[in-house]
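Visitor: Got a structure for you, upload28.txt, holding compact mmCIF, C-alpha atoms (C1' of nucleotides).
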# COMPACT_ATOMS: atom_id res chain seq x y z
CA MET A 715 -13.95 71.70 126.34
CA LYS A 716 -10.91 71.47 124.24
CA GLU A 717 -11.71 73.68 121.32
CA SER A 718 -14.61 76.08 121.09
CA ALA A 719 -15.69 74.73 117.71
CA ARG A 720 -14.46 77.88 116.02
CA GLN A 721 -17.67 78.74 114.27
CA PRO A 722 -17.22 79.29 110.54
CA SER A 723 -17.77 82.99 110.15
CA LYS A 724 -21.28 84.22 109.85
CA PHE A 725 -20.97 85.39 106.34
CA LEU A 726 -20.13 81.92 105.17
CA ALA A 727 -23.20 80.70 106.99
CA VAL A 728 -25.27 83.21 105.10
CA ILE A 729 -23.97 81.95 101.81
CA ALA A 730 -24.81 78.41 102.80
CA GLN A 731 -28.28 79.46 103.86
CA ILE A 732 -28.88 81.20 100.58
CA GLN A 733 -27.75 78.17 98.69
CA THR A 734 -30.15 76.04 100.68
CA MET A 735 -32.91 78.52 100.14
CA ILE A 736 -32.35 78.44 96.42
CA LYS A 737 -32.55 74.71 96.38
CA THR A 738 -35.56 74.20 98.64
CA ASP A 739 -37.56 76.99 97.08
CA ALA A 740 -36.45 75.95 93.63
CA LEU A 741 -35.45 79.47 92.74
CA ARG A 742 -34.28 80.13 89.22
CA SER A 743 -32.49 82.80 87.29
CA GLY A 744 -34.20 86.11 87.63
CA ASP A 745 -36.08 85.21 90.78
CA LYS A 746 -35.96 87.60 93.66
CA ILE A 747 -34.39 86.59 96.92
CA PRO A 748 -35.39 88.08 100.27
CA SER A 749 -34.19 91.55 101.09
CA GLU A 750 -31.10 92.11 103.16
CA ARG A 751 -33.16 93.13 106.14
CA GLU A 752 -35.41 90.11 105.91
CA LEU A 753 -32.45 87.77 105.62
CA SER A 754 -30.92 89.49 108.59
CA ASP A 755 -34.11 88.86 110.50
CA ARG A 756 -34.74 85.29 109.48
CA LEU A 757 -31.19 84.20 110.07
CA SER A 758 -30.73 86.29 113.19
CA ILE A 759 -27.58 87.75 111.73
CA GLY A 760 -26.62 91.38 111.49
CA ARG A 761 -27.33 93.05 108.22
CA SER A 762 -23.66 93.84 107.71
CA SER A 763 -22.81 90.17 107.72
CA VAL A 764 -25.60 89.48 105.30
CA ARG A 765 -24.28 92.18 103.05
CA GLU A 766 -20.76 90.80 103.12
CA ALA A 767 -22.12 87.51 101.88
CA LEU A 768 -24.27 89.09 99.21
CA ARG A 769 -21.48 91.30 97.99
CA ALA A 770 -19.25 88.29 97.61
CA LEU A 771 -21.87 86.44 95.64
CA GLU A 772 -22.41 89.51 93.54
CA LEU A 773 -18.74 89.72 92.73
CA LEU A 774 -18.92 86.16 91.53
CA GLY A 775 -21.80 87.14 89.33
CA LEU A 776 -24.17 84.73 91.01
CA ILE A 777 -26.61 87.40 92.07
CA GLU A 778 -27.49 90.84 90.89
CA THR A 779 -28.57 93.72 93.09
CA ARG A 780 -30.66 96.63 91.97
CA ARG A 781 -30.97 99.54 94.31
CA GLY A 782 -34.53 100.26 95.20
CA GLU A 783 -35.69 96.95 93.86
CA GLY A 784 -33.92 94.05 95.46
CA THR A 785 -31.55 91.18 94.87
CA PHE A 786 -32.05 88.66 92.12
CA LEU A 787 -30.57 85.40 91.05
CA ARG A 788 -28.48 85.57 87.97
CA ASP A 789 -27.79 83.21 85.19
CA PHE A 790 -24.49 81.54 85.73
CA LYS A 791 -23.59 82.23 82.16
CA ASP A 792 -22.93 85.78 83.14
CA HIS A 793 -20.52 84.92 85.85
CA GLN A 794 -17.76 87.36 86.57
CA LEU A 795 -15.07 84.90 87.33
CA VAL A 796 -13.02 85.29 84.26
CA PRO A 797 -12.61 89.03 84.25
CA LEU A 798 -12.04 89.05 87.95
CA ILE A 799 -9.48 86.36 88.17
CA GLY A 800 -8.00 87.63 85.01
CA ALA A 801 -7.18 90.93 86.59
CA PHE A 802 -5.24 89.15 89.27
CA LEU A 803 -3.57 86.68 87.01
CA PHE A 804 -2.27 89.21 84.61
CA ASP A 805 -0.66 91.12 87.38
CA GLN A 806 1.53 88.15 87.91
CA ASP A 807 2.14 86.89 84.45
CA GLN A 808 2.53 89.86 82.27
CA LYS A 809 4.30 87.81 79.74
CA LYS A 810 2.86 88.55 76.42
CA LYS A 811 3.92 85.17 75.22
CA ASP A 812 1.58 83.46 77.61
CA VAL A 813 -1.34 85.53 76.50
CA GLN A 814 -0.68 84.93 72.86
CA GLU A 815 -0.29 81.24 73.35
CA VAL A 816 -3.49 80.86 75.29
CA LYS A 817 -5.34 82.92 72.76
CA ALA A 818 -4.12 80.70 69.96
CA ILE A 819 -5.08 77.61 71.90
CA LEU A 820 -8.59 78.87 72.47
CA GLU A 821 -9.04 79.83 68.85
CA LEU A 822 -7.73 76.55 67.64
CA GLY A 823 -10.01 74.74 70.01
CA CYS A 824 -12.94 76.78 68.87
CA LEU A 825 -12.36 75.81 65.28
CA ALA A 826 -11.86 72.23 66.26
CA LEU A 827 -15.23 72.23 67.97
CA LEU A 828 -16.87 73.65 64.91
CA ALA A 829 -15.17 71.17 62.63
CA GLN A 830 -16.24 68.37 64.86
CA LYS A 831 -19.83 69.50 64.71
CA ASN A 832 -19.66 70.00 60.99
CA ASN A 833 -20.61 73.57 61.46
CA LEU A 834 -17.93 74.93 59.23
CA THR A 835 -19.27 76.03 55.92
CA SER A 836 -16.98 77.28 53.23
CA ARG A 837 -18.60 80.65 53.55
CA ASP A 838 -17.19 80.94 57.03
CA GLN A 839 -13.66 81.11 55.81
CA GLN A 840 -13.44 84.86 55.93
CA LEU A 841 -15.28 85.48 59.13
CA SER A 842 -13.76 86.88 62.27
CA PHE A 843 -13.33 84.96 65.46
CA ASP A 844 -16.12 86.83 67.12
CA HIS A 845 -18.33 84.95 64.75
CA TYR A 846 -16.66 81.60 65.20
CA MET A 847 -16.86 81.86 68.93
CA GLU A 848 -20.54 82.48 68.70
CA LYS A 849 -21.12 79.50 66.47
CA ALA A 850 -19.12 77.27 68.76
CA ASP A 851 -22.02 77.43 71.21
CA ASN A 852 -19.86 77.54 74.29
CA ARG A 853 -20.33 80.61 76.40
CA LEU A 854 -17.53 79.77 78.74
CA LEU A 855 -15.06 79.47 75.91
CA GLU A 856 -16.36 82.67 74.43
CA ASN A 857 -16.01 84.55 77.68
CA ILE A 858 -12.48 83.45 78.33
CA TRP A 859 -11.48 84.18 74.80
CA MET A 860 -12.88 87.68 74.93
CA ILE A 861 -10.92 88.51 78.04
CA ILE A 862 -7.72 87.08 76.69
CA SER A 863 -8.22 88.93 73.46
CA ASP A 864 -8.52 92.19 75.30
CA TYR A 865 -5.14 91.68 76.86
CA ALA A 866 -3.56 90.29 73.76
CA GLY A 867 -4.17 93.46 71.87
CA SER A 868 -5.05 93.56 68.22
CA ASP A 869 -3.29 91.29 65.86
CA LYS A 870 -3.83 90.29 62.29
CA GLU A 871 -5.74 87.23 63.13
CA ASN A 872 -7.02 86.79 59.65
CA GLU A 873 -3.56 86.04 58.42
CA ARG A 874 -3.51 82.88 60.40
CA LEU A 875 -7.08 81.84 59.83
CA ASP A 876 -6.52 79.53 56.95
CA GLU A 877 -3.69 77.77 58.65
CA LEU A 878 -5.65 77.38 61.82
CA LEU A 879 -8.62 76.05 59.95
CA GLU A 880 -6.56 73.38 58.32
CA ALA A 881 -5.04 72.39 61.61
CA ALA A 882 -8.40 72.33 63.28
CA LYS A 883 -9.87 69.92 60.82
CA GLN A 884 -7.26 67.37 61.73
CA ILE A 885 -8.11 67.41 65.38
CA GLN A 886 -10.23 64.72 66.83
CA PHE A 887 -11.38 65.31 70.37
CA PRO A 888 -11.51 62.05 72.22
CA GLU A 889 -15.05 61.25 73.22
CA ARG A 890 -15.78 60.96 76.89
CA GLN A 891 -18.19 58.95 78.96
CA MET B 491 -27.40 118.19 86.16
CA LYS B 492 -28.65 115.35 84.14
CA GLU B 493 -27.02 112.31 85.55
CA SER B 494 -25.16 112.09 88.81
CA ALA B 495 -22.39 109.96 87.32
CA ARG B 496 -23.66 106.90 89.18
CA GLN B 497 -20.45 106.00 90.88
CA PRO B 498 -19.66 102.30 90.75
CA SER B 499 -20.27 101.11 94.27
CA LYS B 500 -17.60 101.72 96.80
CA PHE B 501 -16.78 98.14 97.38
CA LEU B 502 -15.77 97.68 93.77
CA ALA B 503 -13.56 100.71 94.13
CA VAL B 504 -11.88 99.09 97.08
CA ILE B 505 -11.15 95.98 95.07
CA ALA B 506 -9.65 98.07 92.33
CA GLN B 507 -7.55 99.96 94.85
CA ILE B 508 -6.26 96.77 96.33
CA GLN B 509 -5.34 95.47 92.92
CA THR B 510 -3.47 98.67 92.24
CA MET B 511 -1.78 98.47 95.58
CA ILE B 512 -0.63 94.95 94.87
CA LYS B 513 0.88 96.07 91.63
CA THR B 514 2.59 99.25 92.73
CA ASP B 515 3.92 97.77 95.93
CA ALA B 516 4.83 94.55 94.19
CA LEU B 517 3.15 92.49 96.85
CA ARG B 518 3.46 88.74 96.68
CA SER B 519 1.81 85.72 98.17
CA GLY B 520 1.99 85.79 101.92
CA ASP B 521 2.52 89.50 102.15
CA LYS B 522 0.37 91.45 104.53
CA ILE B 523 -1.97 94.10 103.26
CA PRO B 524 -3.07 97.07 105.33
CA SER B 525 -5.63 96.52 108.04
CA GLU B 526 -9.30 97.14 107.42
CA ARG B 527 -9.20 100.28 109.50
CA GLU B 528 -6.18 101.65 107.70
CA LEU B 529 -7.70 100.95 104.31
CA SER B 530 -10.85 102.63 105.49
CA ASP B 531 -8.78 105.63 106.46
CA ARG B 532 -6.56 105.83 103.42
CA LEU B 533 -9.40 105.41 100.98
CA SER B 534 -11.86 107.53 102.96
CA ILE B 535 -14.37 104.72 102.81
CA GLY B 536 -16.34 103.24 105.63
CA ARG B 537 -14.94 100.14 107.16
CA SER B 538 -18.03 98.17 106.28
CA SER B 539 -17.51 98.84 102.62
CA VAL B 540 -13.89 97.81 102.93
CA ARG B 541 -14.98 94.64 104.60
CA GLU B 542 -17.47 93.83 101.90
CA ALA B 543 -14.68 93.99 99.38
CA LEU B 544 -12.28 91.96 101.46
CA ARG B 545 -14.87 89.31 102.21
CA ALA B 546 -15.53 88.96 98.50
CA LEU B 547 -11.86 88.56 97.73
CA GLU B 548 -11.57 86.09 100.55
CA LEU B 549 -14.39 84.04 99.17
CA LEU B 550 -12.50 83.88 95.93
CA GLY B 551 -9.47 82.70 97.81
CA LEU B 552 -7.39 85.65 96.72
CA ILE B 553 -6.71 86.80 100.25
CA GLU B 554 -6.66 85.18 103.64
CA THR B 555 -7.68 86.78 106.88
CA ARG B 556 -6.47 85.77 110.29
CA ARG B 557 -8.25 87.23 113.27
CA GLY B 558 -5.89 89.08 115.49
CA GLU B 559 -3.20 89.16 112.87
CA GLY B 560 -4.35 90.71 109.66
CA THR B 561 -5.08 90.11 106.03
CA PHE B 562 -2.63 88.44 103.69
CA LEU B 563 -2.27 87.77 100.03
CA ARG B 564 -2.77 84.20 99.11
CA ASP B 565 -1.39 81.95 96.48
CA PHE B 566 -3.96 81.83 93.79
CA LYS B 567 -3.71 78.09 93.61
CA ASP B 568 -5.73 77.88 96.79
CA HIS B 569 -8.79 79.52 95.36
CA GLN B 570 -12.15 78.58 96.80
CA LEU B 571 -14.25 78.79 93.73
CA VAL B 572 -15.07 75.18 93.24
CA PRO B 573 -17.39 74.15 96.04
CA LEU B 574 -19.04 77.51 95.91
CA ILE B 575 -20.04 77.69 92.32
CA GLY B 576 -20.88 74.05 92.29
CA ALA B 577 -23.75 74.58 94.66
CA PHE B 578 -25.18 77.21 92.40
CA LEU B 579 -25.13 75.11 89.29
CA PHE B 580 -28.67 73.87 89.57
CA ASP B 581 -29.51 73.67 85.91
CA GLN B 582 -26.20 72.44 84.84
CA ASP B 583 -26.34 70.42 81.65
CA GLN B 584 -25.25 73.02 79.17
CA LYS B 585 -22.67 74.36 81.54
CA LYS B 586 -21.09 71.05 82.19
CA LYS B 587 -20.63 70.52 78.51
CA ASP B 588 -19.01 73.93 78.20
CA VAL B 589 -16.60 73.21 80.98
CA GLN B 590 -15.64 69.84 79.61
CA GLU B 591 -15.06 71.27 76.18
CA VAL B 592 -12.90 74.09 77.39
CA LYS B 593 -10.93 71.74 79.54
CA ALA B 594 -10.22 69.50 76.59
CA ILE B 595 -9.21 72.47 74.51
CA LEU B 596 -6.77 73.68 77.10
CA GLU B 597 -5.26 70.25 77.54
CA LEU B 598 -4.92 69.73 73.86
CA GLY B 599 -3.34 73.11 73.51
CA CYS B 600 -0.95 72.35 76.30
CA LEU B 601 0.23 69.22 74.60
CA ALA B 602 0.52 71.01 71.32
CA LEU B 603 2.77 73.57 72.93
CA LEU B 604 4.97 70.87 74.33
CA ALA B 605 5.13 69.03 71.04
CA GLN B 606 6.04 72.24 69.30
CA LYS B 607 8.88 72.84 71.68
CA ASN B 608 10.02 69.26 71.44
CA ASN B 609 9.58 68.90 75.12
CA LEU B 610 7.70 65.66 74.92
CA THR B 611 9.85 62.74 75.89
CA SER B 612 8.55 59.25 75.68
CA ARG B 613 8.82 59.01 79.41
CA ASP B 614 6.13 61.65 79.73
CA GLN B 615 3.47 59.45 78.28
CA GLN B 616 2.07 58.37 81.59
CA LEU B 617 2.24 61.61 83.43
CA SER B 618 -0.75 63.58 84.63
CA PHE B 619 -1.77 66.90 83.28
CA ASP B 620 -0.56 68.68 86.35
CA HIS B 621 2.84 67.76 85.11
CA TYR B 622 2.25 68.67 81.50
CA MET B 623 0.89 72.03 82.44
CA GLU B 624 3.98 72.73 84.41
CA LYS B 625 6.25 71.78 81.58
CA ALA B 626 4.31 73.93 79.17
CA ASP B 627 5.86 76.94 80.85
CA ASN B 628 2.78 79.09 80.63
CA ARG B 629 1.44 80.22 83.96
CA LEU B 630 -1.63 81.77 82.48
CA LEU B 631 -2.60 78.56 80.78
CA GLU B 632 -1.88 76.63 83.92
CA ASN B 633 -4.01 78.87 86.08
CA ILE B 634 -6.99 78.83 83.81
CA TRP B 635 -6.73 75.10 83.45
CA MET B 636 -6.72 74.64 87.19
CA ILE B 637 -9.89 76.62 87.57
CA ILE B 638 -11.63 74.79 84.79
CA SER B 639 -10.47 71.44 86.06
CA ASP B 640 -11.99 72.08 89.42
CA TYR B 641 -15.33 72.81 87.87
CA ALA B 642 -15.10 69.84 85.60
CA GLY B 643 -14.71 67.47 88.48
CA SER B 644 -12.65 64.34 88.26
CA ASP B 645 -12.60 62.35 85.11
CA LYS B 646 -10.46 59.61 83.75
CA GLU B 647 -8.14 61.87 81.94
CA ASN B 648 -5.54 59.26 81.49
CA GLU B 649 -7.80 57.32 79.23
CA ARG B 650 -7.67 60.08 76.72
CA LEU B 651 -4.02 60.95 77.07
CA ASP B 652 -2.67 58.86 74.27
CA GLU B 653 -5.24 60.06 71.84
CA LEU B 654 -4.67 63.64 72.79
CA LEU B 655 -0.96 63.24 72.44
CA GLU B 656 -1.30 61.95 68.93
CA ALA B 657 -3.61 64.75 67.98
CA ALA B 658 -1.31 67.30 69.54
CA LYS B 659 1.67 66.22 67.51
CA GLN B 660 -0.19 67.03 64.35
CA ILE B 661 -0.89 70.55 65.32
CA GLN B 662 1.20 73.32 63.96
CA PHE B 663 0.63 76.67 65.51
CA PRO B 664 1.05 79.37 62.93
CA GLU B 665 3.98 81.53 63.80
CA ARG B 666 3.36 85.16 64.53
CA GLN B 667 5.36 88.32 64.24
C1' DG C 23 19.56 85.71 134.11
C1' DA C 24 15.63 82.94 132.61
C1' DA C 25 10.95 81.64 132.70
C1' DT C 26 6.29 82.79 133.76
C1' DG C 27 2.26 85.30 133.24
C1' DG C 28 -0.54 89.43 133.02
C1' DA C 29 -1.46 93.93 130.75
C1' DT C 30 -1.79 96.29 126.46
C1' DG C 31 -2.66 97.37 121.86
C1' DG C 32 -3.74 95.96 117.18
C1' DT C 33 -6.52 93.02 114.20
C1' DG C 34 -10.53 90.81 112.26
C1' DG C 35 -15.80 89.61 113.39
C1' DT C 36 -20.18 91.28 114.41
C1' DC C 37 -24.08 94.14 115.58
C1' DT C 38 -26.82 98.31 115.73
C1' DG C 39 -28.81 102.36 114.26
C1' DA C 40 -28.84 105.93 111.42
C1' DC C 41 -28.87 108.22 107.12
C1' DC C 42 -28.95 108.51 101.82
C1' DA C 43 -30.33 107.23 96.88
C1' DC C 44 -33.34 104.96 94.17
C1' DG C 45 -37.92 102.53 92.38
C1' DT C 46 -42.33 101.30 92.86
C1' DA C 47 -46.90 101.52 94.20
C1' DA C 48 -50.44 103.81 96.50
C1' DT C 49 -52.54 108.12 97.26
C1' DT C 50 -53.92 112.57 96.38
C1' DC C 51 -55.47 116.25 93.84
C1' DA C 52 -56.71 118.90 89.80
C1' DT D 677 -59.61 110.21 84.42
C1' DG D 678 -54.97 111.38 84.60
C1' DA D 679 -51.00 113.50 86.38
C1' DA D 680 -48.42 114.76 90.35
C1' DT D 681 -47.23 113.69 94.93
C1' DT D 682 -46.41 110.87 98.72
C1' DA D 683 -45.15 106.80 101.27
C1' DC D 684 -42.73 102.76 101.67
C1' DG D 685 -39.36 99.21 100.66
C1' DT D 686 -34.92 98.36 98.86
C1' DG D 687 -29.90 98.51 98.46
C1' DG D 688 -25.57 101.71 99.71
C1' DT D 689 -22.92 103.75 103.17
C1' DC D 690 -21.27 105.32 107.44
C1' DA D 691 -20.01 105.62 112.41
C1' DG D 692 -19.47 103.64 116.68
C1' DA D 693 -19.49 100.14 119.70
C1' DC D 694 -18.47 95.69 121.43
C1' DC D 695 -16.19 90.89 121.22
C1' DA D 696 -12.54 87.30 120.21
C1' DC D 697 -8.08 86.58 119.08
C1' DC D 698 -3.04 87.28 118.59
C1' DA D 699 1.48 89.25 119.37
C1' DT D 700 4.29 91.94 122.12
C1' DC D 701 6.11 94.04 126.04
C1' DC D 702 7.25 94.03 130.73
C1' DA D 703 7.08 93.19 135.61
C1' DT D 704 7.08 89.43 138.58
C1' DT D 705 8.93 85.37 140.10
C1' DC D 706 12.02 81.56 140.40
What do you get writing this file as structure tokens?
Guide:
Amino acid sequence: MKESARQPSKFLAVIAQIQTMIKTDALRSGDKIPSERELSDRLSIGRSSVREALRALELLGLIETRRGEGTFLRDFKDHQLVPLIGAFLFDQDQKKKDVQEVKAILELGCLALLAQKNNLTSRDQQLSFDHYMEKADNRLLENIWMIISDYAGSDKENERLDELLEAAKQIQFPERQ
Amino acid sequence: MKESARQPSKFLAVIAQIQTMIKTDALRSGDKIPSERELSDRLSIGRSSVREALRALELLGLIETRRGEGTFLRDFKDHQLVPLIGAFLFDQDQKKKDVQEVKAILELGCLALLAQKNNLTSRDQQLSFDHYMEKADNRLLENIWMIISDYAGSDKENERLDELLEAAKQIQFPERQ
DNA sequence: GAATGGATGGTGGTCTGACCACGTAATTCA
DNA sequence: TGAATTACGTGGTCAGACCACCATCCATTC
């Protein structure tokens, strides 16, 4: 025997098993998955390892645990990635410039989406970006924008709205496949 | 006593502590963080809880553990999110659209930044976005784009490059303060 | 002196069993 | 019948014990 196969840690195996379980049982958002103890039993893996896997998935926002009730699948829309990663990213790049730039990009893109979908009515002109983001019908974009906005601090966004709107109307997103 | 303050699970506290530690000690990629047992000691938290937090961060690719050696900070570029989340995206249609849209927005914004700074030479026309993102000099933008790109999967981005470039040149970001 | 190789201690990986805190459902009792 | 109590299942946490692995030190050996 050259190498002992170096088994990929148990807790990764648990995650894989859960993924399989979700697929074969056709589990959906809100469905309950087996308890930690049952998983531990069925997979012949210590409960602590099961918990490590579940905690990781929870941090990602893929599952939700409720004490006394159980563990449930979560809608991916509510994923925790952005806030989480954000906390780590911002430690590195504190540069306010970066934040402001990205925020502007997201807002511009949001307006461009709306313009493209002809969802911009003249009445929208004085609305805030919270509203625009909602109309853009893109939860991911909305989530990222909210996080960025938190870090960007308050600014007089309305001052730039008209300019941004004009710019947005010019943009044509290339179609894909 | 009405409510017992419902402390936010220990393992989240550990993550927060680690983030703080990274900041105050100015830790960088490759640096070693305290051992599980030491963290358990210093934070007065059971080792299992510490492990749950570390495993979660490892799954995200934010840290790397080497048996017999210790736990180390990792370069964020090596994050593990992609294959993981992918397996959980069972009902994916809406989400895929979201990801594609955000990706396009980020890329467009990147080009707009470059155009604004007059950093677009004609020689750049055939370069990939990895390159553009680097030139844009915005680590935050680059990081977010990398995450999104992984989710989006491979596409023929070069097909859209010329169009995007043209659109980007038209964009004028409103100046701020 | 230099190279070998074993002993030692530290680290992550895992398991077990024991509690606690919380919800729910069944049971009991008025 | 209805309210209170109990029992049970669940996640949350802890402590201790092993194992596997790695680096280091140090005595042995050449």
Visitor: Dump as number ranges by chain the residues of chain D that approach chain B to within 10 Å, counting all atoms listed in the file.
Guide: D: 688-691, 696-699
Visitor: Compile the residues of chain C that lie within 12 Å of chain B, evaluated using only C-alpha atoms (C1' of nucleotides), and express the compilation as an NGL selection string.
Guide: :C and (31-37 or 43-44)
Visitor: Using all atoms listed in the file for the distances, tell me which of B:Ser530, B:Asn628, B:Thr514, B:Gln606 is nearest to chain A.
Guide: B:Asn628
Visitor: Would you compute the distance between atom CA of B:Leu603 and atom CA of B:Leu550? Give it in Å to one decimal.
Guide: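 Pair atom CA of B:Leu603 / atom CA of B:Leu550 returns 29.5 Å.
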Visitor: Would you kindly return, as a short mmCIF file (atom, residue, chain, number, x, y, z; two decimals) with C-alpha atoms, keeping the file's coordinate frame, each protein, DNA or RNA residue with an atom no farther than 12 Å from any atom of B:Glu624, considering all atoms listed in the file and excluding same-chain residues fewer than 6 positions away?
Guide:
data_model
loop_
_atom_site.label_atom_id
_atom_site.label_comp_id
_atom_site.auth_asym_id
_atom_site.auth_seq_id
_atom_site.Cartn_x
_atom_site.Cartn_y
_atom_site.Cartn_z
CA GLU B 597 -5.26 70.25 77.54
CA CYS B 600 -0.95 72.35 76.30
CA LEU B 601 0.23 69.22 74.60
CA LEU B 603 2.77 73.57 72.93
CA LEU B 604 4.97 70.87 74.33
CA ASN B 609 9.58 68.90 75.12
CA LEU B 617 2.24 61.61 83.43
CA SER B 618 -0.75 63.58 84.63
CA LEU B 630 -1.63 81.77 82.48
CA LEU B 631 -2.60 78.56 80.78
CA GLU B 632 -1.88 76.63 83.92
CA ASN B 633 -4.01 78.87 86.08
CA TRP B 635 -6.73 75.10 83.45
CA MET B 636 -6.72 74.64 87.19
#
Visitor: What does the distance from atom CA of A:Arg853 to atom CA of A:Val728 come to in Å, to one decimal?
Guide: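 Distance reported for this atom pair: 29.2 Å.
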Visitor: Could you tell me how far atom CA of B:Ile638 lies from atom CA of B:Val592, in Å and to one decimal?
Guide: 7.5 Å
Visitor: May I ask which of the residues B:Glu554, B:Asp620, B:Asp521, B:Asp627 is the closest one to chain A, counting only C-alpha atoms?
Guide: B:Asp627
Visitor: For a quick check of your reading of the model, name the residues lying within 6 Å of the coordinate (-32.6, 85.2, 92.2), counting only C-alpha atoms (C1' of nucleotides), and write them as a PyMOL selection string.
Guide: chain A and resi 743-747+786-788
Visitor: Using all atoms listed in the file for the distances, tell me which of A:Lys737, A:Lys849, A:Lys831, A:Arg756 is nearest to chain B.
Guide: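 Residue with the minimum atom-to-atom distance to chain B: A:Lys737.
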Visitor: Let me make sure I understand: among A:Tyr846, A:Arg742, A:Leu757, A:Pro748, which one has the smallest atom-to-atom distance to chain B if we use all atoms listed in the file?
Guide: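 Distance minimum relative to chain B lands on A:Arg742.
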Visitor: Can you pull out every residue within 10 Å of D:DC684, counting only C-alpha atoms (C1' of nucleotides), but drop anything in the same chain fewer than 3 positions away, and send it as a VMD selection string?
Guide: chain C and resid 46 to 48
Visitor: Would you mind telling me which residue in A:Ser863, A:Ile732, A:His845, A:Arg769 lies nearest to A:Ile819 when using all atoms listed in the file?
Guide: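 The closest residue to A:Ile819 is A:Ser863.
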Visitor: Of the residues A:Leu776, A:Ala727, A:Glu766, A:Lys811, which is the one nearest to chain B, using all atoms listed in the file?
Guide: A:Glu766
